[in-house]
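Asker: My structure file protein.json, JSON, N, CA and C atoms, is below:
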```
[["chain", "number", "residue", "atom", "x", "y", "z"],
["A", 1, "MET", "N", -104.91, -122.44, -63.82],
["A", 1, "MET", "CA", -105.14, -121.21, -64.54],
["A", 1, "MET", "C", -103.83, -120.69, -65.12],
["A", 2, "LYS", "N", -102.74, -120.80, -64.31],
["A", 2, "LYS", "CA", -101.45, -120.34, -64.77],
["A", 2, "LYS", "C", -100.99, -121.20, -65.95],
["A", 3, "THR", "N", -101.18, -122.49, -65.89],
["A", 3, "THR", "CA", -100.78, -123.38, -66.96],
["A", 3, "THR", "C", -101.56, -123.09, -68.23],
["A", 4, "ARG", "N", -102.83, -122.80, -68.02],
["A", 4, "ARG", "CA", -103.68, -122.48, -69.18],
["A", 4, "ARG", "C", -103.20, -121.22, -69.86],
["A", 5, "THR", "N", -102.82, -120.20, -69.15],
["A", 5, "THR", "CA", -102.33, -118.94, -69.70],
["A", 5, "THR", "C", -100.99, -119.17, -70.42],
["A", 6, "ILE", "N", -100.14, -119.98, -69.82],
["A", 6, "ILE", "CA", -98.84, -120.26, -70.44],
["A", 6, "ILE", "C", -99.05, -121.02, -71.75],
["A", 7, "ILE", "N", -99.94, -121.99, -71.79],
["A", 7, "ILE", "CA", -100.20, -122.77, -73.01],
["A", 7, "ILE", "C", -100.78, -121.87, -74.09],
["A", 8, "ILE", "N", -101.71, -121.00, -73.73],
["A", 8, "ILE", "CA", -102.29, -120.08, -74.72],
["A", 8, "ILE", "C", -101.23, -119.11, -75.23],
["A", 9, "SER", "N", -100.40, -118.60, -74.34],
["A", 9, "SER", "CA", -99.33, -117.67, -74.74],
["A", 9, "SER", "C", -98.35, -118.35, -75.68],
["A", 10, "LEU", "N", -97.94, -119.59, -75.33],
["A", 10, "LEU", "CA", -97.01, -120.32, -76.19],
["A", 10, "LEU", "C", -97.63, -120.63, -77.55],
["A", 11, "THR", "N", -98.90, -120.98, -77.56],
["A", 11, "THR", "CA", -99.59, -121.26, -78.82],
["A", 11, "THR", "C", -99.64, -120.01, -79.70],
["A", 12, "ALA", "N", -99.97, -118.88, -79.09],
["A", 12, "ALA", "CA", -100.03, -117.63, -79.84],
["A", 12, "ALA", "C", -98.65, -117.26, -80.37],
["A", 13, "LEU", "N", -97.63, -117.45, -79.56],
["A", 13, "LEU", "CA", -96.26, -117.14, -79.97],
["A", 13, "LEU", "C", -95.82, -118.04, -81.14],
["A", 14, "LEU", "N", -96.12, -119.32, -81.05],
["A", 14, "LEU", "CA", -95.77, -120.25, -82.14],
["A", 14, "LEU", "C", -96.49, -119.90, -83.43],
["A", 15, "CYS", "N", -97.76, -119.52, -83.33],
["A", 15, "CYS", "CA", -98.52, -119.12, -84.51],
["A", 15, "CYS", "C", -97.91, -117.88, -85.16],
["A", 16, "ALA", "N", -97.54, -116.92, -84.34],
["A", 16, "ALA", "CA", -96.96, -115.68, -84.87],
["A", 16, "ALA", "C", -95.62, -115.95, -85.55],
["A", 17, "VAL", "N", -94.80, -116.79, -84.93],
["A", 17, "VAL", "CA", -93.49, -117.10, -85.50],
["A", 17, "VAL", "C", -93.64, -117.90, -86.78],
["A", 18, "SER", "N", -94.53, -118.86, -86.79],
["A", 18, "SER", "CA", -94.68, -119.69, -87.99],
["A", 18, "SER", "C", -95.27, -118.90, -89.15],
["A", 19, "CYS", "N", -96.15, -117.97, -88.89],
["A", 19, "CYS", "CA", -96.72, -117.13, -89.95],
["A", 19, "CYS", "C", -95.64, -116.24, -90.55],
["A", 20, "LYS", "N", -94.75, -115.73, -89.75],
["A", 20, "LYS", "CA", -93.68, -114.87, -90.23],
["A", 20, "LYS", "C", -92.75, -115.65, -91.16],
["A", 21, "GLU", "N", -92.44, -116.89, -90.83],
["A", 21, "GLU", "CA", -91.57, -117.70, -91.67],
["A", 21, "GLU", "C", -92.19, -117.98, -93.03],
["A", 22, "GLU", "N", -93.48, -118.20, -93.06],
["A", 22, "GLU", "CA", -94.15, -118.47, -94.33],
["A", 22, "GLU", "C", -94.06, -117.28, -95.27],
["A", 23, "THR", "N", -94.20, -116.07, -94.75],
["A", 23, "THR", "CA", -94.15, -114.89, -95.61],
["A", 23, "THR", "C", -92.75, -114.67, -96.16],
["A", 24, "GLU", "N", -91.72, -115.04, -95.42],
["A", 24, "GLU", "CA", -90.35, -114.87, -95.89],
["A", 24, "GLU", "C", -89.99, -115.90, -96.95],
["A", 25, "LEU", "N", -90.60, -117.06, -96.91],
["A", 25, "LEU", "CA", -90.26, -118.14, -97.83],
["A", 25, "LEU", "C", -91.14, -118.19, -99.08],
["A", 26, "GLN", "N", -91.99, -117.22, -99.25],
["A", 26, "GLN", "CA", -92.87, -117.25, -100.42],
["A", 26, "GLN", "C", -92.05, -117.09, -101.69],
["A", 27, "VAL", "N", -92.36, -117.92, -102.67],
["A", 27, "VAL", "CA", -91.68, -117.89, -103.96],
["A", 27, "VAL", "C", -92.65, -117.30, -104.97],
["A", 28, "PRO", "N", -92.20, -116.33, -105.78],
["A", 28, "PRO", "CA", -93.11, -115.77, -106.77],
["A", 28, "PRO", "C", -93.54, -116.81, -107.77],
["A", 29, "ASN", "N", -94.75, -116.67, -108.24],
["A", 29, "ASN", "CA", -95.28, -117.61, -109.24],
["A", 29, "ASN", "C", -94.53, -117.43, -110.55],
["A", 30, "PRO", "N", -94.17, -118.51, -111.23],
["A", 30, "PRO", "CA", -93.50, -118.38, -112.52],
["A", 30, "PRO", "C", -94.46, -117.80, -113.56],
["A", 31, "PRO", "N", -93.91, -117.11, -114.55],
["A", 31, "PRO", "CA", -94.79, -116.55, -115.58],
["A", 31, "PRO", "C", -95.43, -117.65, -116.40],
["A", 32, "PRO", "N", -96.60, -117.40, -116.95],
["A", 32, "PRO", "CA", -97.24, -118.42, -117.78],
["A", 32, "PRO", "C", -96.39, -118.73, -119.00],
["A", 33, "PRO", "N", -96.51, -119.94, -119.53],
["A", 33, "PRO", "CA", -95.70, -120.30, -120.71],
["A", 33, "PRO", "C", -96.04, -119.43, -121.91],
["A", 34, "HIS", "N", -95.09, -119.33, -122.82],
["A", 34, "HIS", "CA", -95.24, -118.58, -124.07],
["A", 34, "HIS", "C", -95.39, -117.07, -123.82],
["A", 35, "THR", "N", -94.74, -116.56, -122.81],
["A", 35, "THR", "CA", -94.72, -115.11, -122.60],
["A", 35, "THR", "C", -93.28, -114.65, -122.71],
["A", 36, "ASN", "N", -93.10, -113.40, -123.07],
["A", 36, "ASN", "CA", -91.76, -112.85, -123.18],
["A", 36, "ASN", "C", -91.24, -112.54, -121.78],
["A", 37, "VAL", "N", -90.11, -113.14, -121.46],
["A", 37, "VAL", "CA", -89.50, -112.94, -120.16],
["A", 37, "VAL", "C", -88.10, -112.40, -120.39],
["A", 38, "LYS", "N", -87.78, -111.31, -119.72],
["A", 38, "LYS", "CA", -86.44, -110.76, -119.85],
["A", 38, "LYS", "C", -85.63, -111.22, -118.65],
["A", 39, "SER", "N", -84.51, -111.85, -118.94],
["A", 39, "SER", "CA", -83.63, -112.29, -117.88],
["A", 39, "SER", "C", -82.21, -112.26, -118.41],
["A", 40, "ALA", "N", -81.26, -112.39, -117.50],
["A", 40, "ALA", "CA", -79.86, -112.38, -117.90],
["A", 40, "ALA", "C", -79.55, -113.55, -118.82],
["A", 41, "GLU", "N", -80.18, -114.70, -118.57],
["A", 41, "GLU", "CA", -79.93, -115.86, -119.42],
["A", 41, "GLU", "C", -80.42, -115.61, -120.83],
["A", 42, "LEU", "N", -81.60, -115.03, -120.98],
["A", 42, "LEU", "CA", -82.11, -114.76, -122.32],
["A", 42, "LEU", "C", -81.28, -113.68, -122.99],
["A", 43, "ASP", "N", -80.81, -112.71, -122.23],
["A", 43, "ASP", "CA", -79.96, -111.68, -122.81],
["A", 43, "ASP", "C", -78.65, -112.28, -123.30],
["A", 44, "ASN", "N", -78.08, -113.18, -122.52],
["A", 44, "ASN", "CA", -76.84, -113.84, -122.95],
["A", 44, "ASN", "C", -77.07, -114.67, -124.20],
["A", 45, "GLU", "N", -78.22, -115.31, -124.27],
["A", 45, "GLU", "CA", -78.54, -116.11, -125.46],
["A", 45, "GLU", "C", -78.71, -115.20, -126.67],
["A", 46, "ALA", "N", -79.35, -114.06, -126.49],
["A", 46, "ALA", "CA", -79.54, -113.12, -127.59],
["A", 46, "ALA", "C", -78.19, -112.58, -128.07],
["A", 47, "VAL", "N", -77.30, -112.28, -127.15],
["A", 47, "VAL", "CA", -75.97, -111.80, -127.54],
["A", 47, "VAL", "C", -75.23, -112.88, -128.32],
["A", 48, "TYR", "N", -75.33, -114.12, -127.85],
["A", 48, "TYR", "CA", -74.68, -115.24, -128.55],
["A", 48, "TYR", "C", -75.23, -115.38, -129.97],
["A", 49, "ARG", "N", -76.54, -115.34, -130.10],
["A", 49, "ARG", "CA", -77.14, -115.46, -131.44],
["A", 49, "ARG", "C", -76.70, -114.32, -132.35],
["A", 50, "PHE", "N", -76.64, -113.11, -131.81],
["A", 50, "PHE", "CA", -76.22, -111.96, -132.59],
["A", 50, "PHE", "C", -74.77, -112.13, -133.05],
["A", 51, "GLN", "N", -73.91, -112.60, -132.15],
["A", 51, "GLN", "CA", -72.49, -112.73, -132.46],
["A", 51, "GLN", "C", -72.20, -113.88, -133.41],
["A", 52, "THR", "N", -73.07, -114.86, -133.49],
["A", 52, "THR", "CA", -72.83, -116.01, -134.36],
["A", 52, "THR", "C", -73.68, -115.97, -135.62],
["A", 53, "ASP", "N", -74.43, -114.91, -135.84],
["A", 53, "ASP", "CA", -75.26, -114.77, -137.03],
["A", 53, "ASP", "C", -74.36, -114.42, -138.22],
["A", 54, "LYS", "N", -74.30, -115.34, -139.18],
["A", 54, "LYS", "CA", -73.39, -115.18, -140.32],
["A", 54, "LYS", "C", -73.73, -113.96, -141.18],
["A", 55, "ASP", "N", -75.03, -113.72, -141.39],
["A", 55, "ASP", "CA", -75.42, -112.53, -142.17],
["A", 55, "ASP", "C", -75.01, -111.25, -141.45],
["A", 56, "GLN", "N", -75.16, -111.24, -140.14],
["A", 56, "GLN", "CA", -74.75, -110.07, -139.37],
["A", 56, "GLN", "C", -73.24, -109.86, -139.46],
["A", 57, "MET", "N", -72.50, -110.95, -139.45],
["A", 57, "MET", "CA", -71.04, -110.84, -139.60],
["A", 57, "MET", "C", -70.69, -110.19, -140.94],
["A", 58, "LEU", "N", -71.34, -110.67, -142.00],
["A", 58, "LEU", "CA", -71.06, -110.11, -143.33],
["A", 58, "LEU", "C", -71.48, -108.64, -143.40],
["A", 59, "ASN", "N", -72.65, -108.33, -142.86],
["A", 59, "ASN", "CA", -73.11, -106.94, -142.90],
["A", 59, "ASN", "C", -72.17, -106.00, -142.14],
["A", 60, "SER", "N", -71.57, -106.51, -141.07],
["A", 60, "SER", "CA", -70.66, -105.66, -140.31],
["A", 60, "SER", "C", -69.35, -105.43, -141.05],
["A", 61, "MET", "N", -69.09, -106.22, -142.10],
["A", 61, "MET", "CA", -67.86, -106.05, -142.88],
["A", 61, "MET", "C", -68.06, -105.15, -144.10],
["A", 62, "ILE", "N", -69.25, -104.61, -144.28],
["A", 62, "ILE", "CA", -69.48, -103.66, -145.37],
["A", 62, "ILE", "C", -69.00, -102.29, -144.91],
["A", 63, "ARG", "N", -68.07, -101.74, -145.66],
["A", 63, "ARG", "CA", -67.46, -100.45, -145.32],
["A", 63, "ARG", "C", -67.67, -99.46, -146.46],
["A", 64, "TYR", "N", -67.60, -98.19, -146.11],
["A", 64, "TYR", "CA", -67.67, -97.16, -147.14],
["A", 64, "TYR", "C", -66.27, -96.63, -147.38],
["A", 65, "ASP", "N", -65.80, -96.74, -148.63],
["A", 65, "ASP", "CA", -64.47, -96.25, -149.00],
["A", 65, "ASP", "C", -64.62, -94.80, -149.46],
["A", 66, "TYR", "N", -64.16, -93.89, -148.64],
["A", 66, "TYR", "CA", -64.33, -92.45, -148.93],
["A", 66, "TYR", "C", -63.48, -92.00, -150.11],
["A", 67, "THR", "N", -62.37, -92.65, -150.38],
["A", 67, "THR", "CA", -61.55, -92.25, -151.52],
["A", 67, "THR", "C", -62.21, -92.64, -152.84],
["A", 68, "LYS", "N", -62.82, -93.83, -152.88],
["A", 68, "LYS", "CA", -63.49, -94.30, -154.09],
["A", 68, "LYS", "C", -64.97, -93.92, -154.10],
["A", 69, "LYS", "N", -65.47, -93.47, -152.97],
["A", 69, "LYS", "CA", -66.87, -93.08, -152.80],
["A", 69, "LYS", "C", -67.83, -94.23, -153.15],
["A", 70, "LYS", "N", -67.50, -95.40, -152.60],
["A", 70, "LYS", "CA", -68.39, -96.53, -152.81],
["A", 70, "LYS", "C", -68.24, -97.51, -151.64],
["A", 71, "TYR", "N", -69.23, -98.40, -151.53],
["A", 71, "TYR", "CA", -69.21, -99.42, -150.48],
["A", 71, "TYR", "C", -68.39, -100.61, -150.95],
["A", 72, "VAL", "N", -67.70, -101.24, -150.01],
["A", 72, "VAL", "CA", -66.91, -102.44, -150.30],
["A", 72, "VAL", "C", -67.15, -103.47, -149.20],
["A", 73, "LEU", "N", -67.01, -104.73, -149.58],
["A", 73, "LEU", "CA", -67.07, -105.81, -148.60],
["A", 73, "LEU", "C", -65.64, -106.08, -148.17],
["A", 74, "ASP", "N", -65.35, -105.75, -146.92],
["A", 74, "ASP", "CA", -63.98, -105.76, -146.42],
["A", 74, "ASP", "C", -63.58, -107.12, -145.85],
["A", 75, "ILE", "N", -63.81, -108.18, -146.63],
["A", 75, "ILE", "CA", -63.39, -109.52, -146.24],
["A", 75, "ILE", "C", -63.30, -110.35, -147.52],
["A", 76, "SER", "N", -62.32, -111.22, -147.58],
["A", 76, "SER", "CA", -62.16, -112.04, -148.78],
["A", 76, "SER", "C", -63.04, -113.29, -148.68],
["A", 77, "GLU", "N", -63.26, -113.89, -149.84],
["A", 77, "GLU", "CA", -64.06, -115.11, -149.86],
["A", 77, "GLU", "C", -63.38, -116.23, -149.07],
["A", 78, "GLN", "N", -62.08, -116.28, -149.13],
["A", 78, "GLN", "CA", -61.33, -117.30, -148.38],
["A", 78, "GLN", "C", -61.50, -117.09, -146.87],
["A", 79, "ASP", "N", -61.46, -115.84, -146.43],
["A", 79, "ASP", "CA", -61.64, -115.56, -145.00],
["A", 79, "ASP", "C", -63.05, -115.90, -144.53],
["A", 80, "THR", "N", -64.03, -115.66, -145.39],
["A", 80, "THR", "CA", -65.40, -116.00, -145.00],
["A", 80, "THR", "C", -65.56, -117.51, -144.84],
["A", 81, "ARG", "N", -64.92, -118.28, -145.71],
["A", 81, "ARG", "CA", -65.01, -119.74, -145.58],
["A", 81, "ARG", "C", -64.34, -120.21, -144.29],
["A", 82, "SER", "N", -63.28, -119.54, -143.89],
["A", 82, "SER", "CA", -62.57, -119.98, -142.67],
["A", 82, "SER", "C", -63.40, -119.72, -141.41],
["A", 83, "ILE", "N", -64.36, -118.80, -141.47],
["A", 83, "ILE", "CA", -65.21, -118.56, -140.29],
["A", 83, "ILE", "C", -66.60, -119.18, -140.45],
["A", 84, "GLY", "N", -66.75, -120.03, -141.47],
["A", 84, "GLY", "CA", -67.98, -120.80, -141.60],
["A", 84, "GLY", "C", -69.07, -120.18, -142.44],
["A", 85, "ILE", "N", -68.73, -119.17, -143.22],
["A", 85, "ILE", "CA", -69.71, -118.54, -144.10],
["A", 85, "ILE", "C", -69.61, -119.20, -145.48],
["A", 86, "THR", "N", -70.74, -119.57, -146.02],
["A", 86, "THR", "CA", -70.74, -120.28, -147.30],
["A", 86, "THR", "C", -70.44, -119.33, -148.45],
["A", 87, "THR", "N", -70.06, -119.92, -149.58],
["A", 87, "THR", "CA", -69.77, -119.13, -150.78],
["A", 87, "THR", "C", -71.02, -118.39, -151.26],
["A", 88, "GLN", "N", -72.17, -119.06, -151.15],
["A", 88, "GLN", "CA", -73.43, -118.42, -151.57],
["A", 88, "GLN", "C", -73.74, -117.19, -150.70],
["A", 89, "MET", "N", -73.51, -117.30, -149.41],
["A", 89, "MET", "CA", -73.75, -116.15, -148.53],
["A", 89, "MET", "C", -72.80, -115.01, -148.89],
["A", 90, "TYR", "N", -71.57, -115.34, -149.23],
["A", 90, "TYR", "CA", -70.59, -114.33, -149.64],
["A", 90, "TYR", "C", -71.05, -113.64, -150.93],
["A", 91, "LYS", "N", -71.52, -114.43, -151.89],
["A", 91, "LYS", "CA", -72.00, -113.85, -153.16],
["A", 91, "LYS", "C", -73.22, -112.96, -152.93],
["A", 92, "ASP", "N", -74.10, -113.39, -152.02],
["A", 92, "ASP", "CA", -75.27, -112.56, -151.69],
["A", 92, "ASP", "C", -74.83, -111.23, -151.07],
["A", 93, "ALA", "N", -73.80, -111.27, -150.24],
["A", 93, "ALA", "CA", -73.30, -110.04, -149.63],
["A", 93, "ALA", "C", -72.69, -109.11, -150.69],
["A", 94, "ILE", "N", -71.99, -109.69, -151.65],
["A", 94, "ILE", "CA", -71.43, -108.90, -152.75],
["A", 94, "ILE", "C", -72.57, -108.22, -153.54],
["A", 95, "LYS", "N", -73.66, -108.97, -153.78],
["A", 95, "LYS", "CA", -74.81, -108.38, -154.48],
["A", 95, "LYS", "C", -75.41, -107.22, -153.68],
["A", 96, "ARG", "N", -75.49, -107.39, -152.34],
["A", 96, "ARG", "CA", -76.01, -106.29, -151.50],
["A", 96, "ARG", "C", -75.14, -105.06, -151.62],
["A", 97, "VAL", "N", -73.82, -105.27, -151.64],
["A", 97, "VAL", "CA", -72.89, -104.14, -151.77],
["A", 97, "VAL", "C", -73.08, -103.46, -153.12],
["A", 98, "GLU", "N", -73.24, -104.24, -154.18],
["A", 98, "GLU", "CA", -73.47, -103.67, -155.51],
["A", 98, "GLU", "C", -74.76, -102.86, -155.55],
["A", 99, "GLU", "N", -75.80, -103.38, -154.92],
["A", 99, "GLU", "CA", -77.08, -102.65, -154.87],
["A", 99, "GLU", "C", -76.93, -101.35, -154.08],
["A", 100, "MET", "N", -76.18, -101.41, -152.99],
["A", 100, "MET", "CA", -75.95, -100.19, -152.20],
["A", 100, "MET", "C", -75.19, -99.16, -153.01],
["A", 101, "ASN", "N", -74.24, -99.62, -153.80],
["A", 101, "ASN", "CA", -73.48, -98.69, -154.64],
["A", 101, "ASN", "C", -74.34, -98.08, -155.73],
["A", 102, "LYS", "N", -75.28, -98.86, -156.30],
["A", 102, "LYS", "CA", -76.19, -98.32, -157.31],
["A", 102, "LYS", "C", -77.05, -97.22, -156.70],
["A", 103, "VAL", "N", -77.56, -97.47, -155.52],
["A", 103, "VAL", "CA", -78.38, -96.46, -154.84],
["A", 103, "VAL", "C", -77.53, -95.23, -154.52],
["A", 104, "ASN", "N", -76.30, -95.46, -154.11],
["A", 104, "ASN", "CA", -75.41, -94.35, -153.76],
["A", 104, "ASN", "C", -75.08, -93.50, -154.98],
["A", 105, "ILE", "N", -74.85, -94.15, -156.12],
["A", 105, "ILE", "CA", -74.55, -93.42, -157.36],
["A", 105, "ILE", "C", -75.75, -92.56, -157.77],
["A", 106, "GLU", "N", -76.93, -93.15, -157.68],
["A", 106, "GLU", "CA", -78.15, -92.39, -158.03],
["A", 106, "GLU", "C", -78.33, -91.21, -157.10],
["A", 107, "ARG", "N", -78.00, -91.39, -155.85],
["A", 107, "ARG", "CA", -78.17, -90.31, -154.86],
["A", 107, "ARG", "C", -77.16, -89.19, -155.09],
["A", 108, "LEU", "N", -75.93, -89.56, -155.51],
["A", 108, "LEU", "CA", -74.90, -88.55, -155.72],
["A", 108, "LEU", "C", -75.12, -87.73, -157.00],
["A", 109, "GLN", "N", -75.89, -88.26, -157.96],
["A", 109, "GLN", "CA", -76.10, -87.53, -159.22],
["A", 109, "GLN", "C", -77.15, -86.47, -159.09]]
```
Output the structure of this file as structure tokens.

Answerer:
Amino acid sequence: MKTRTIIISLTALLCAVSCKEETELQVPNPPPPHTNVKSAELDNEAVYRFQTDKDQMLNSMIRYDYTKKKYVLDISEQDTRSIGITTQMYKDAIKRVEEMNKVNIERLQ
């Protein structure tokens, strides 16, 4: 009878301990594919894409000259080529600046 009680007690103790370990080791299910997941890795990738976007680089170089009261592209064509921006992209940026100045002139009149 004593042996039977000890065996039952040990069995119950082992079951309790093993169940506790399973709950601690549970791994959350991964999200289904094709869903938006926010993580540090995706944030780092987004920052990298933003920093290497050539159009964004050109747009960040558009400045407003308060003395002349117009927008200017504050980078030379040679400098744009040295950072990997094509001549066509540079010309497109110049056109954007010209359009911004046209709108600005109309607004000031």

Asker: Which value, in Å to one decimal, gives the distance between CA of Thr52 (chain A) and atom C of Arg81 (chain A)?

Answerer: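 So the two atoms, CA of Thr52 (chain A) and atom C of Arg81 (chain A), lie 13.7 Å apart.
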
Asker: What's the 8 Å shell around region 93-97 of chain A, counting only N, CA and C atoms, without same-chain residues fewer than 5 positions away, as an MDAnalysis selection string?

Answerer: chainID A and resid 58:59 62 70:73 87:88 102:103

Asker: What does the structure give for the distance between CA of Gly84 (chain A) and atom C of Lys54 (chain A), in Å to one decimal?

Answerer: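 Calculated distance between CA of Gly84 (chain A) and atom C of Lys54 (chain A) is 8.9 Å.
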